[in-house]
>>> print(open('upload-v1.pdb').read())   # PDB, C-alpha atoms
ATOM      1  CA  MET A   1       0.000   0.000   0.000
ATOM      2  CA  TRP A   2       0.961   3.632  -0.511
ATOM      3  CA  ASN A   3      -0.658   7.019   0.117
ATOM      4  CA  VAL A   4      -3.188   5.555   2.545
ATOM      5  CA  ASP A   5      -3.365   8.854   4.435
ATOM      6  CA  GLN A   6      -4.818  10.927   1.602
ATOM      7  CA  THR A   7      -6.850  13.792   3.053
ATOM      8  CA  GLU A   8      -9.817  15.572   1.546
ATOM      9  CA  GLY A   9      -9.435  18.638  -0.625
ATOM     10  CA  TYR A  10      -7.395  19.891  -3.562
ATOM     11  CA  ILE A  11      -4.180  21.779  -4.115
ATOM     12  CA  GLU A  12      -5.153  24.912  -6.005
ATOM     13  CA  SER A  13      -2.299  25.040  -8.470
ATOM     14  CA  GLU A  14      -1.363  23.413 -11.741
ATOM     15  CA  LEU A  15       0.270  20.011 -11.572
ATOM     16  CA  GLU A  16       3.837  20.332 -12.872
ATOM     17  CA  ASN A  17       5.364  16.898 -12.336
ATOM     18  CA  LEU A  18       3.635  13.538 -12.359
ATOM     19  CA  ASN A  19       3.866  11.443  -9.208
ATOM     20  CA  SER A  20       3.088   8.001 -10.612
ATOM     21  CA  GLN A  21       4.843   4.844  -9.534
ATOM     22  CA  SER A  22       4.892   1.159 -10.369
ATOM     23  CA  ILE A  23       2.512  -0.742  -8.096
ATOM     24  CA  ASP A  24       3.992  -3.823  -6.426
ATOM     25  CA  ILE A  25       1.897  -6.927  -7.050
ATOM     26  CA  ILE A  26       2.180 -10.436  -5.599
ATOM     27  CA  PHE A  27      -0.184 -13.141  -6.869
ATOM     28  CA  GLU A  28      -1.733 -15.535  -4.383
ATOM     29  CA  ASP A  29      -4.671 -17.930  -4.321
ATOM     30  CA  LYS A  30      -7.718 -17.914  -2.102
ATOM     31  CA  ASN A  31      -6.152 -20.444   0.267
ATOM     32  CA  THR A  32      -3.446 -17.942   1.238
ATOM     33  CA  GLU A  33      -4.135 -16.067   4.469
ATOM     34  CA  VAL A  34      -5.314 -12.614   3.439
ATOM     35  CA  SER A  35      -3.161  -9.580   4.141
ATOM     36  CA  THR A  36      -4.952  -6.744   5.906
ATOM     37  CA  GLY A  37      -2.484  -3.894   5.702
ATOM     38  CA  THR A  38      -3.714  -0.368   6.329
ATOM     39  CA  LYS A  39      -0.415   1.555   6.354
ATOM     40  CA  ASN A  40       2.052   2.605   3.690
ATOM     41  CA  GLY A  41       4.426  -0.237   2.852
ATOM     42  CA  GLU A  42       2.114  -2.960   4.166
ATOM     43  CA  TRP A  43       0.445  -5.597   1.996
ATOM     44  CA  LEU A  44      -3.287  -5.716   1.359
ATOM     45  CA  THR A  45      -5.065  -8.592  -0.338
ATOM     46  CA  HIS A  46      -7.139  -6.738  -2.888
ATOM     47  CA  PRO A  47     -10.851  -6.540  -1.929
ATOM     48  CA  ALA A  48     -11.915  -7.414  -5.483
ATOM     49  CA  PHE A  49     -10.984 -11.039  -4.710
ATOM     50  CA  THR A  50     -12.010 -11.457  -1.083
ATOM     51  CA  THR A  51     -15.714 -10.601  -1.356
ATOM     52  CA  PHE A  52     -16.566 -13.682  -3.413
ATOM     53  CA  ASP A  53     -13.664 -15.836  -2.127
ATOM     54  CA  VAL A  54     -12.333 -16.475  -5.646
ATOM     55  CA  ASN A  55      -8.905 -16.959  -7.181
ATOM     56  CA  GLY A  56      -9.604 -14.422  -9.883
ATOM     57  CA  MET A  57     -12.078 -12.772 -12.175
ATOM     58  CA  TRP A  58     -12.729 -12.454 -15.865
ATOM     59  CA  VAL A  59     -13.174  -8.847 -16.949
ATOM     60  CA  GLY A  60     -14.969  -7.884 -20.142
ATOM     61  CA  LYS A  61     -12.228  -7.187 -22.680
ATOM     62  CA  TYR A  62     -14.319  -4.306 -24.048
ATOM     63  CA  GLU A  63     -17.131  -2.146 -22.755
ATOM     64  CA  VAL A  64     -20.550  -3.754 -22.880
ATOM     65  CA  GLY A  65     -21.952  -3.353 -26.373
ATOM     66  CA  TYR A  66     -25.555  -3.539 -27.560
ATOM     67  CA  ARG A  67     -26.169  -6.587 -29.733
ATOM     68  CA  GLY A  68     -27.377  -5.734 -33.230
ATOM     69  CA  ALA A  69     -26.961  -1.950 -32.977
ATOM     70  CA  THR A  70     -26.020  -0.400 -36.325
ATOM     71  CA  THR A  71     -25.657   3.184 -35.098
ATOM     72  CA  LYS A  72     -24.667   4.856 -31.847
ATOM     73  CA  ALA A  73     -28.276   5.927 -31.288
ATOM     74  CA  ASN A  74     -29.464   2.317 -31.707
ATOM     75  CA  ALA A  75     -27.484   1.488 -28.541
ATOM     76  CA  TYR A  76     -29.250   4.156 -26.433
ATOM     77  CA  VAL A  77     -31.511   1.539 -24.864
ATOM     78  CA  SER A  78     -33.130   1.395 -21.429
ATOM     79  CA  SER A  79     -33.467  -2.325 -20.732
ATOM     80  CA  ALA A  80     -32.465  -5.080 -18.300
ATOM     81  CA  ASP A  81     -32.492  -7.758 -21.004
ATOM     82  CA  SER A  82     -29.149  -9.561 -20.701
ATOM     83  CA  SER A  83     -29.504 -11.099 -24.162
ATOM     84  CA  ASN A  84     -28.657  -7.667 -25.560
ATOM     85  CA  ILE A  85     -25.130  -7.811 -24.107
ATOM     86  CA  ILE A  86     -22.255  -8.332 -26.523
ATOM     87  CA  ILE A  87     -18.561  -7.935 -25.715
ATOM     88  CA  LYS A  88     -16.563  -7.628 -28.907
ATOM     89  CA  PRO A  89     -14.403  -5.018 -30.651
ATOM     90  CA  GLY A  90     -16.020  -2.660 -33.132
ATOM     91  CA  VAL A  91     -19.540  -2.727 -31.653
ATOM     92  CA  TYR A  92     -21.539   0.214 -30.317
ATOM     93  CA  ALA A  93     -21.265   0.669 -26.550
ATOM     94  CA  TRP A  94     -24.575   0.130 -24.751
ATOM     95  CA  THR A  95     -25.315   3.517 -23.170
ATOM     96  CA  ASN A  96     -28.228   5.597 -21.855
ATOM     97  CA  ASN A  97     -29.235   2.804 -19.457
ATOM     98  CA  ASN A  98     -29.926   3.334 -15.760
ATOM     99  CA  VAL A  99     -27.921   1.523 -13.090
ATOM    100  CA  LYS A 100     -30.759  -0.803 -12.054
ATOM    101  CA  ASN A 101     -31.091  -2.112 -15.596
ATOM    102  CA  ILE A 102     -27.317  -2.425 -15.956
ATOM    103  CA  PHE A 103     -27.096  -4.320 -12.681
ATOM    104  CA  TYR A 104     -29.802  -6.865 -13.502
ATOM    105  CA  ALA A 105     -28.750  -7.360 -17.130
ATOM    106  CA  SER A 106     -25.214  -8.079 -15.933
ATOM    107  CA  TYR A 107     -26.305 -10.277 -13.022
ATOM    108  CA  ASN A 108     -28.532 -12.452 -15.209
ATOM    109  CA  TYR A 109     -26.038 -12.775 -18.056
ATOM    110  CA  ASP A 110     -24.484 -16.017 -16.707
ATOM    111  CA  ARG A 111     -25.305 -17.042 -13.144
ATOM    112  CA  ALA A 112     -23.148 -20.169 -13.410
ATOM    113  CA  LYS A 113     -20.126 -17.856 -13.682
ATOM    114  CA  ASN A 114     -21.372 -15.262 -11.183
ATOM    115  CA  SER A 115     -21.681 -12.526 -13.800
ATOM    116  CA  HIS A 116     -22.217  -9.027 -12.474
ATOM    117  CA  MET A 117     -21.812  -5.322 -13.078
ATOM    118  CA  MET A 118     -18.226  -4.310 -12.392
ATOM    119  CA  LYS A 119     -17.696  -2.965  -8.875
ATOM    120  CA  ASN A 120     -15.562   0.093  -8.195
ATOM    121  CA  THR A 121     -12.971  -2.011  -6.348
ATOM    122  CA  GLU A 122     -12.824  -4.423  -9.293
ATOM    123  CA  TRP A 123     -12.067  -1.494 -11.553
ATOM    124  CA  GLY A 124      -9.343  -0.603  -9.084
ATOM    125  CA  ALA A 125      -7.794  -4.067  -9.330
ATOM    126  CA  VAL A 126      -7.436  -3.720 -13.105
ATOM    127  CA  ALA A 127      -6.047  -0.191 -12.748
ATOM    128  CA  TYR A 128      -3.472  -1.499 -10.245
ATOM    129  CA  LEU A 129      -2.361  -4.242 -12.629
ATOM    130  CA  THR A 130      -2.140  -1.701 -15.450
ATOM    131  CA  PHE A 131       0.395   0.295 -13.434
ATOM    132  CA  SER A 132       2.404  -2.718 -12.321
ATOM    133  CA  ARG A 133       5.186  -4.563 -14.129
ATOM    134  CA  PHE A 134       2.459  -6.724 -15.663
ATOM    135  CA  GLY A 135       0.718  -3.789 -17.345
ATOM    136  CA  ASN A 136       1.017  -0.975 -19.828
ATOM    137  CA  GLY A 137       1.613   1.834 -17.342
ATOM    138  CA  VAL A 138       1.257   5.439 -18.386
ATOM    139  CA  ASN A 139       0.968   4.609 -22.093
ATOM    140  CA  VAL A 140      -2.687   3.568 -22.070
ATOM    141  CA  ARG A 141      -4.289   5.322 -25.014
ATOM    142  CA  ARG A 142      -7.787   6.743 -25.013
ATOM    143  CA  ASN A 143     -10.573   5.303 -27.153
ATOM    144  CA  ASN A 144     -11.712   8.529 -28.803
ATOM    145  CA  HIS A 145     -14.098   7.050 -31.355
ATOM    146  CA  SER A 146     -16.866   9.637 -31.736
ATOM    147  CA  ASP A 147     -19.496   6.915 -32.247
ATOM    148  CA  LEU A 148     -18.451   4.978 -29.125
ATOM    149  CA  LEU A 149     -17.331   1.901 -31.015
ATOM    150  CA  THR A 150     -15.373  -0.437 -28.761
ATOM    151  CA  GLY A 151     -11.683  -1.246 -29.079
ATOM    152  CA  TYR A 152     -10.331   1.870 -30.789
ATOM    153  CA  SER A 153      -7.286   4.000 -29.974
ATOM    154  CA  GLU A 154      -6.256   7.579 -30.553
ATOM    155  CA  GLU A 155      -3.288   7.793 -32.877
ATOM    156  CA  GLU A 156      -1.307  10.068 -30.567
ATOM    157  CA  LYS A 157      -1.711  10.225 -26.811
ATOM    158  CA  ALA A 158      -3.588  13.345 -25.727
ATOM    159  CA  THR A 159      -1.643  15.887 -23.689
ATOM    160  CA  CYS A 160      -4.529  18.260 -22.918
ATOM    161  CA  PHE A 161      -8.277  18.319 -22.453
ATOM    162  CA  SER A 162     -10.149  20.650 -24.765
ATOM    163  CA  PRO A 163     -10.423  19.721 -28.454
ATOM    164  CA  THR A 164     -11.650  23.225 -29.327
ATOM    165  CA  ASN A 165      -9.568  25.715 -27.366
ATOM    166  CA  SER A 166      -6.143  24.149 -27.115
ATOM    167  CA  ASP A 167      -3.742  23.812 -30.018
ATOM    168  CA  CYS A 168      -2.397  20.434 -28.902
ATOM    169  CA  CYS A 169      -5.838  18.903 -29.347
ATOM    170  CA  LYS A 170      -6.823  20.499 -32.651
ATOM    171  CA  SER A 171      -5.022  17.960 -34.794
ATOM    172  CA  GLY A 172      -7.078  15.170 -36.268
ATOM    173  CA  LYS A 173      -4.731  12.691 -34.613
ATOM    174  CA  ASN A 174      -5.932  13.687 -31.160
ATOM    175  CA  ASN A 175      -9.507  14.427 -32.083
ATOM    176  CA  GLN A 176     -10.573  11.647 -34.403
ATOM    177  CA  TYR A 177     -10.772   7.908 -33.893
ATOM    178  CA  THR A 178      -8.097   6.289 -35.948
ATOM    179  CA  VAL A 179      -6.881   2.852 -35.075
ATOM    180  CA  PRO A 180      -8.617  -0.446 -34.136
ATOM    181  CA  TYR A 181      -7.523  -2.791 -31.356
ATOM    182  CA  ASN A 182      -5.490  -5.264 -33.465
ATOM    183  CA  THR A 183      -2.769  -2.884 -34.690
ATOM    184  CA  GLU A 184       0.522  -1.703 -33.235
ATOM    185  CA  ILE A 185      -1.040   1.589 -32.158
ATOM    186  CA  GLY A 186      -4.275  -0.111 -31.145
ATOM    187  CA  TYR A 187      -2.308  -2.257 -28.678
ATOM    188  CA  LEU A 188      -1.413   0.926 -26.776
ATOM    189  CA  ALA A 189      -5.068   1.289 -25.756
ATOM    190  CA  SER A 190      -4.803  -2.052 -23.945
ATOM    191  CA  THR A 191      -4.039  -2.344 -20.238
ATOM    192  CA  THR A 192      -1.106  -4.639 -21.067
ATOM    193  CA  GLY A 193       0.224  -2.842 -24.146
ATOM    194  CA  ASN A 194      -0.563  -5.842 -26.324
ATOM    195  CA  ILE A 195      -3.593  -7.629 -27.707
ATOM    196  CA  THR A 196      -4.104  -9.771 -24.583
ATOM    197  CA  GLY A 197      -5.156  -6.857 -22.387
ATOM    198  CA  ILE A 198      -8.378  -5.015 -21.564
ATOM    199  CA  TYR A 199      -9.528  -2.207 -23.865
ATOM    200  CA  ASP A 200     -11.660   0.929 -23.423
ATOM    201  CA  PHE A 201     -10.238   1.475 -19.935
ATOM    202  CA  ALA A 202      -9.433   5.011 -21.047
ATOM    203  CA  GLY A 203     -12.107   6.826 -23.004
ATOM    204  CA  GLY A 204     -14.942   5.275 -24.935
ATOM    205  CA  SER A 205     -18.004   5.761 -22.744
ATOM    206  CA  TYR A 206     -17.821   6.682 -19.080
ATOM    207  CA  GLU A 207     -18.534   3.397 -17.308
ATOM    208  CA  TYR A 208     -20.947   3.079 -14.423
ATOM    209  CA  VAL A 209     -19.555   0.837 -11.696
ATOM    210  CA  ALA A 210     -21.379  -0.620  -8.703
ATOM    211  CA  GLY A 211     -20.126   1.847  -6.120
ATOM    212  CA  PHE A 212     -22.357   4.431  -4.442
ATOM    213  CA  ILE A 213     -23.005   6.516  -1.337
ATOM    214  CA  SER A 214     -24.716   4.620   1.482
ATOM    215  CA  GLY A 215     -28.503   4.932   1.291
ATOM    216  CA  ASN A 216     -28.460   7.246  -1.719
ATOM    217  CA  TYR A 217     -29.707   5.597  -4.909
ATOM    218  CA  ASP A 218     -30.683   8.899  -6.558
ATOM    219  CA  ARG A 219     -32.035   8.248 -10.084
ATOM    220  CA  SER A 220     -30.621   4.740 -10.476
ATOM    221  CA  ARG A 221     -34.083   3.102  -9.887
ATOM    222  CA  LEU A 222     -32.473   0.790  -7.311
ATOM    223  CA  THR A 223     -34.115   0.426  -3.891
ATOM    224  CA  ASP A 224     -33.214  -0.810  -0.423
ATOM    225  CA  ASP A 225     -34.734  -4.167  -1.350
ATOM    226  CA  ASP A 226     -32.409  -4.498  -4.346
ATOM    227  CA  TYR A 227     -29.376  -3.590  -2.288
ATOM    228  CA  ASN A 228     -30.268  -5.828   0.669
ATOM    229  CA  GLN A 229     -30.642  -8.813  -1.648
ATOM    230  CA  TYR A 230     -27.333  -8.254  -3.462
ATOM    231  CA  LYS A 231     -25.075  -6.490  -0.930
ATOM    232  CA  ASP A 232     -21.904  -8.281  -2.010
ATOM    233  CA  TYR A 233     -22.216  -6.848  -5.501
ATOM    234  CA  PHE A 234     -21.846  -3.219  -4.409
ATOM    235  CA  ASP A 235     -19.121  -1.056  -2.909
ATOM    236  CA  VAL A 236     -20.722   1.318  -0.419
ATOM    237  CA  TYR A 237     -19.174   4.651   0.589
ATOM    238  CA  ALA A 238     -19.632   6.957   3.563
ATOM    239  CA  SER A 239     -22.828   8.996   3.666
ATOM    240  CA  ASN A 240     -20.888  12.268   4.071
ATOM    241  CA  SER A 241     -19.044  11.816   0.767
ATOM    242  CA  SER A 242     -18.727  14.899  -1.397
ATOM    243  CA  PHE A 243     -16.775  16.260  -4.340
ATOM    244  CA  TYR A 244     -13.418  16.316  -2.520
ATOM    245  CA  THR A 245     -13.611  13.623   0.223
ATOM    246  CA  PHE A 246     -10.872  11.416  -1.207
ATOM    247  CA  ASN A 247     -10.232  10.065   2.299
ATOM    248  CA  ASN A 248     -13.551   8.191   1.981
ATOM    249  CA  ARG A 249     -11.999   5.880  -0.603
ATOM    250  CA  ILE A 250     -11.937   2.119  -0.174
ATOM    251  CA  LEU A 251      -8.304   1.004  -0.284
ATOM    252  CA  GLY A 252      -7.873  -0.697  -3.623
ATOM    253  CA  ASP A 253     -10.492   1.246  -5.589
ATOM    254  CA  ALA A 254      -7.823   3.429  -7.277
ATOM    255  CA  THR A 255      -9.322   6.771  -6.242
ATOM    256  CA  GLY A 256      -7.781   8.350  -3.127
ATOM    257  CA  GLU A 257      -4.513   6.429  -3.551
ATOM    258  CA  VAL A 258      -3.543   8.417  -6.653
ATOM    259  CA  GLY A 259      -3.476  11.808  -4.955
ATOM    260  CA  PRO A 260      -2.633  14.422  -4.106
ATOM    261  CA  PHE A 261      -5.205  16.149  -6.291
ATOM    262  CA  TYR A 262      -4.877  19.429  -8.135
ATOM    263  CA  TRP A 263      -7.476  22.007  -9.117
ATOM    264  CA  TYR A 264      -6.597  24.230 -12.078
ATOM    265  CA  LYS A 265      -7.820  25.702 -15.338
ATOM    266  CA  ASP A 266      -7.723  23.550 -18.453
ATOM    267  CA  GLY A 267      -7.452  24.589 -22.075
ATOM    268  CA  ASP A 268     -11.200  25.227 -22.275
ATOM    269  CA  GLY A 269     -10.965  27.877 -19.528
ATOM    270  CA  ASN A 270     -12.712  25.787 -16.854
ATOM    271  CA  ASN A 271     -11.226  24.585 -13.567
ATOM    272  CA  LYS A 272     -11.078  20.830 -13.099
ATOM    273  CA  ALA A 273      -9.601  18.391 -10.615
ATOM    274  CA  HIS A 274      -6.745  16.132 -11.700
ATOM    275  CA  ASN A 275      -4.860  13.333  -9.985
ATOM    276  CA  ALA A 276      -1.109  13.490  -9.485
ATOM    277  CA  TRP A 277      -0.358  10.360 -11.518
ATOM    278  CA  ASN A 278      -1.343  11.172 -15.080
ATOM    279  CA  ARG A 279      -3.739  14.125 -14.769
ATOM    280  CA  ASN A 280      -6.890  11.988 -15.050
ATOM    281  CA  LYS A 281     -10.187  13.475 -13.865
ATOM    282  CA  ALA A 282     -10.685  13.251 -10.088
ATOM    283  CA  GLN A 283     -14.183  13.943  -8.777
ATOM    284  CA  PHE A 284     -15.519  11.901  -5.868
ATOM    285  CA  ILE A 285     -19.145  10.838  -5.487
ATOM    286  CA  ALA A 286     -21.321  13.462  -3.822
ATOM    287  CA  THR A 287     -24.798  13.844  -2.355
ATOM    288  CA  ASP A 288     -25.676  17.248  -3.780
ATOM    289  CA  SER A 289     -27.784  16.348  -6.808
ATOM    290  CA  ALA A 290     -28.902  19.956  -7.210
ATOM    291  CA  ALA A 291     -25.301  20.843  -8.002
ATOM    292  CA  LYS A 292     -25.246  18.139 -10.706
ATOM    293  CA  TYR A 293     -23.260  15.799  -8.537
ATOM    294  CA  GLY A 294     -24.323  12.238  -7.911
ATOM    295  CA  PRO A 295     -23.806   9.250  -5.594
ATOM    296  CA  TRP A 296     -22.615   6.746  -8.257
ATOM    297  CA  PHE A 297     -19.078   6.315  -9.544
ATOM    298  CA  VAL A 298     -18.316   6.352 -13.243
ATOM    299  CA  ARG A 299     -14.797   5.418 -14.383
ATOM    300  CA  GLY A 300     -12.359   5.790 -17.241
ATOM    301  CA  GLY A 301     -13.390   9.108 -18.757
ATOM    302  CA  ASN A 302     -15.061   9.399 -22.138
ATOM    303  CA  ASN A 303     -14.083   9.674 -25.768
ATOM    304  CA  TYR A 304     -13.537  13.449 -25.863
ATOM    305  CA  TYR A 305     -11.958  13.982 -22.430
ATOM    306  CA  GLY A 306      -8.360  14.021 -23.644
ATOM    307  CA  VAL A 307      -5.820  13.627 -20.849
ATOM    308  CA  LEU A 308      -8.631  13.513 -18.267
ATOM    309  CA  SER A 309      -9.515   9.997 -19.449
ATOM    310  CA  GLY A 310      -7.600   6.997 -18.161
ATOM    311  CA  PRO A 311      -7.611   3.995 -15.808
ATOM    312  CA  PHE A 312      -7.519   6.301 -12.768
ATOM    313  CA  ALA A 313     -10.241   8.692 -13.939
ATOM    314  CA  PHE A 314     -13.279   8.861 -11.663
ATOM    315  CA  GLN A 315     -16.322  11.090 -11.565
ATOM    316  CA  ASN A 316     -19.825  10.989 -10.130
ATOM    317  CA  ALA A 317     -23.230  10.569 -11.726
ATOM    318  CA  SER A 318     -26.885  10.227 -10.771
ATOM    319  CA  GLY A 319     -27.366   6.584 -11.779
ATOM    320  CA  ASP A 320     -29.824   7.573 -14.509
ATOM    321  CA  GLY A 321     -29.410   6.663 -18.157
ATOM    322  CA  ILE A 322     -26.927   9.025 -19.845
ATOM    323  CA  VAL A 323     -25.933   8.788 -23.501
ATOM    324  CA  GLU A 324     -22.202   8.946 -22.687
ATOM    325  CA  HIS A 325     -22.336   6.367 -19.872
ATOM    326  CA  GLY A 326     -22.002   2.605 -20.326
ATOM    327  CA  SER A 327     -20.728  -0.306 -18.215
ATOM    328  CA  ARG A 328     -18.509  -3.397 -18.048
ATOM    329  CA  LEU A 329     -19.211  -7.035 -17.249
ATOM    330  CA  VAL A 330     -17.266  -9.205 -14.779
ATOM    331  CA  LEU A 331     -17.321 -12.940 -14.074
ATOM    332  CA  SER A 332     -16.049 -14.213 -10.705
ATOM    333  CA  ILE A 333     -15.145 -17.900 -10.804
TER     334      ILE A 333
END
>>> encode(input="upload-v1.pdb", output="structure tokens")
Amino acid sequence: MWNVDQTEGYIESELENLNSQSIDIIFEDKNTEVSTGTKNGEWLTHPAFTTFDVNGMWVGKYEVGYRGATTKANAYVSSADSSNIIIKPGVYAWTNNNVKNIFYASYNYDRAKNSHMMKNTEWGAVAYLTFSRFGNGVNVRRNNHSDLLTGYSEEEKATCFSPTNSDCCKSGKNNQYTVPYNTEIGYLASTTGNITGIYDFAGGSYEYVAGFISGNYDRSRLTDDDYNQYKDYFDVYASNSSFYTFNNRILGDATGEVGPFYWYKDGDGNNKAHNAWNRNKAQFIATDSAAKYGPWFVRGGNNYYGVLSGPFAFQNASGDGIVEHGSRLVLSI
């Protein structure tokens, strides 16, 4: 573990130097006594594997797509029908679906393999591996396909946010989708830097994960009954969580650990929060819906977010269907 003492709040200045590091990983099986470290330098068995007492998990190689969609708008579907799920490259990401539908479609996809909507800590496990010696590290490219097709990569890695007000993002190479997953440049959008890894972990659609503020379902359509029946499939955060309470993180979810966090003006003239690792977006879940905050985590950034998108990007949302928000499927076996 590292940076376990992250406090709430931002540093109001521009980030000059990145503070990323390689994450130390040791593989173990479920018969190994779990490590319960809580201090810097101690070992922690990652919570993604202890909840279901499994040796590992299968993570959707691409964002969840909508089966049969022939346009981006065809995949704006509000449904819990798991037969619509397809996980392949070059398909339209299934977006505009509320969290309740996402949860049940994922849960019912394959009960024999314990299929479910990706949890926030499970996202964290993949992000950790990405920044270990087993992963791609800082070179993960964004999927900037304007139609939200899965498995694409920007031709050159973005160095800024705004595609309209900053010269470094005006080139077609940063602004337009260019390269599919099975090419030398496409490999750079994989968490491993080669074709074996996980794609769309930077950019594509923002991905809803099953992590929310205790007791606050907002517009997700979920209820206490849903949660009480499926508690193990959710990561639950403190009820006082707000925009800057990074100390409310769950160790392993790849949010508070990647601080400190910086608040400064981007190329579009608006202030945003960035992490200290690779400048990804950093906005914790919050209870103030009136201020357009929300209690549900979304991860990875989206197709036009430039440098703000990445494995350590996190933001909040209401849980309602949003055309830029999709999801990812996980099997625990």
>>> resolve_selection(input="upload-v1.pdb", expression="the PyMOL selection byres ((chain A and resi 305-317) around 6)", output="PDB file with C-alpha atoms, in the coordinates of the input")
ATOM      1  CA  ALA A 127      -6.047  -0.191 -12.748  1.00  0.00           C
ATOM      2  CA  ALA A 158      -3.588  13.345 -25.727  1.00  0.00           C
ATOM      3  CA  THR A 159      -1.643  15.887 -23.689  1.00  0.00           C
ATOM      4  CA  CYS A 160      -4.529  18.260 -22.918  1.00  0.00           C
ATOM      5  CA  PHE A 161      -8.277  18.319 -22.453  1.00  0.00           C
ATOM      6  CA  PHE A 201     -10.238   1.475 -19.935  1.00  0.00           C
ATOM      7  CA  ALA A 202      -9.433   5.011 -21.047  1.00  0.00           C
ATOM      8  CA  GLY A 203     -12.107   6.826 -23.004  1.00  0.00           C
ATOM      9  CA  ASN A 280      -6.890  11.988 -15.050  1.00  0.00           C
ATOM     10  CA  LYS A 281     -10.187  13.475 -13.865  1.00  0.00           C
ATOM     11  CA  ALA A 282     -10.685  13.251 -10.088  1.00  0.00           C
ATOM     12  CA  GLN A 283     -14.183  13.943  -8.777  1.00  0.00           C
ATOM     13  CA  PHE A 284     -15.519  11.901  -5.868  1.00  0.00           C
ATOM     14  CA  ILE A 285     -19.145  10.838  -5.487  1.00  0.00           C
ATOM     15  CA  GLY A 294     -24.323  12.238  -7.911  1.00  0.00           C
ATOM     16  CA  TRP A 296     -22.615   6.746  -8.257  1.00  0.00           C
ATOM     17  CA  PHE A 297     -19.078   6.315  -9.544  1.00  0.00           C
ATOM     18  CA  VAL A 298     -18.316   6.352 -13.243  1.00  0.00           C
ATOM     19  CA  ARG A 299     -14.797   5.418 -14.383  1.00  0.00           C
ATOM     20  CA  GLY A 300     -12.359   5.790 -17.241  1.00  0.00           C
ATOM     21  CA  GLY A 301     -13.390   9.108 -18.757  1.00  0.00           C
ATOM     22  CA  ASN A 302     -15.061   9.399 -22.138  1.00  0.00           C
ATOM     23  CA  ASN A 303     -14.083   9.674 -25.768  1.00  0.00           C
ATOM     24  CA  TYR A 304     -13.537  13.449 -25.863  1.00  0.00           C
ATOM     25  CA  SER A 318     -26.885  10.227 -10.771  1.00  0.00           C
ATOM     26  CA  GLY A 319     -27.366   6.584 -11.779  1.00  0.00           C
TER      27      GLY A 319
END
>>> closest_residue(input="upload-v1.pdb", among="A:Asp200, A:Asp266, A:Glu207, A:Asp5", to="Asn97 (chain A)", atoms="only C-alpha atoms")
A:Glu207
>>> atom_distance(input="upload-v1.pdb", atom1="CA of Gly269 (chain A)", atom2="CA of Glu12 (chain A)")
15.0 Å
>>> atom_distance(input="upload-v1.pdb", atom1="CA of Ile185 (chain A)", atom2="CA of Asn278 (chain A)")
19.6 Å
>>> closest_residue(input="upload-v1.pdb", among="A:Tyr152, A:Tyr237, A:Tyr208, A:Trp2", to="Tyr128 (chain A)", atoms="only C-alpha atoms")
A:Trp2
>>> atom_distance(input="upload-v1.pdb", atom1="CA of Asp253 (chain A)", atom2="CA of Asn55 (chain A)")
18.3 Å
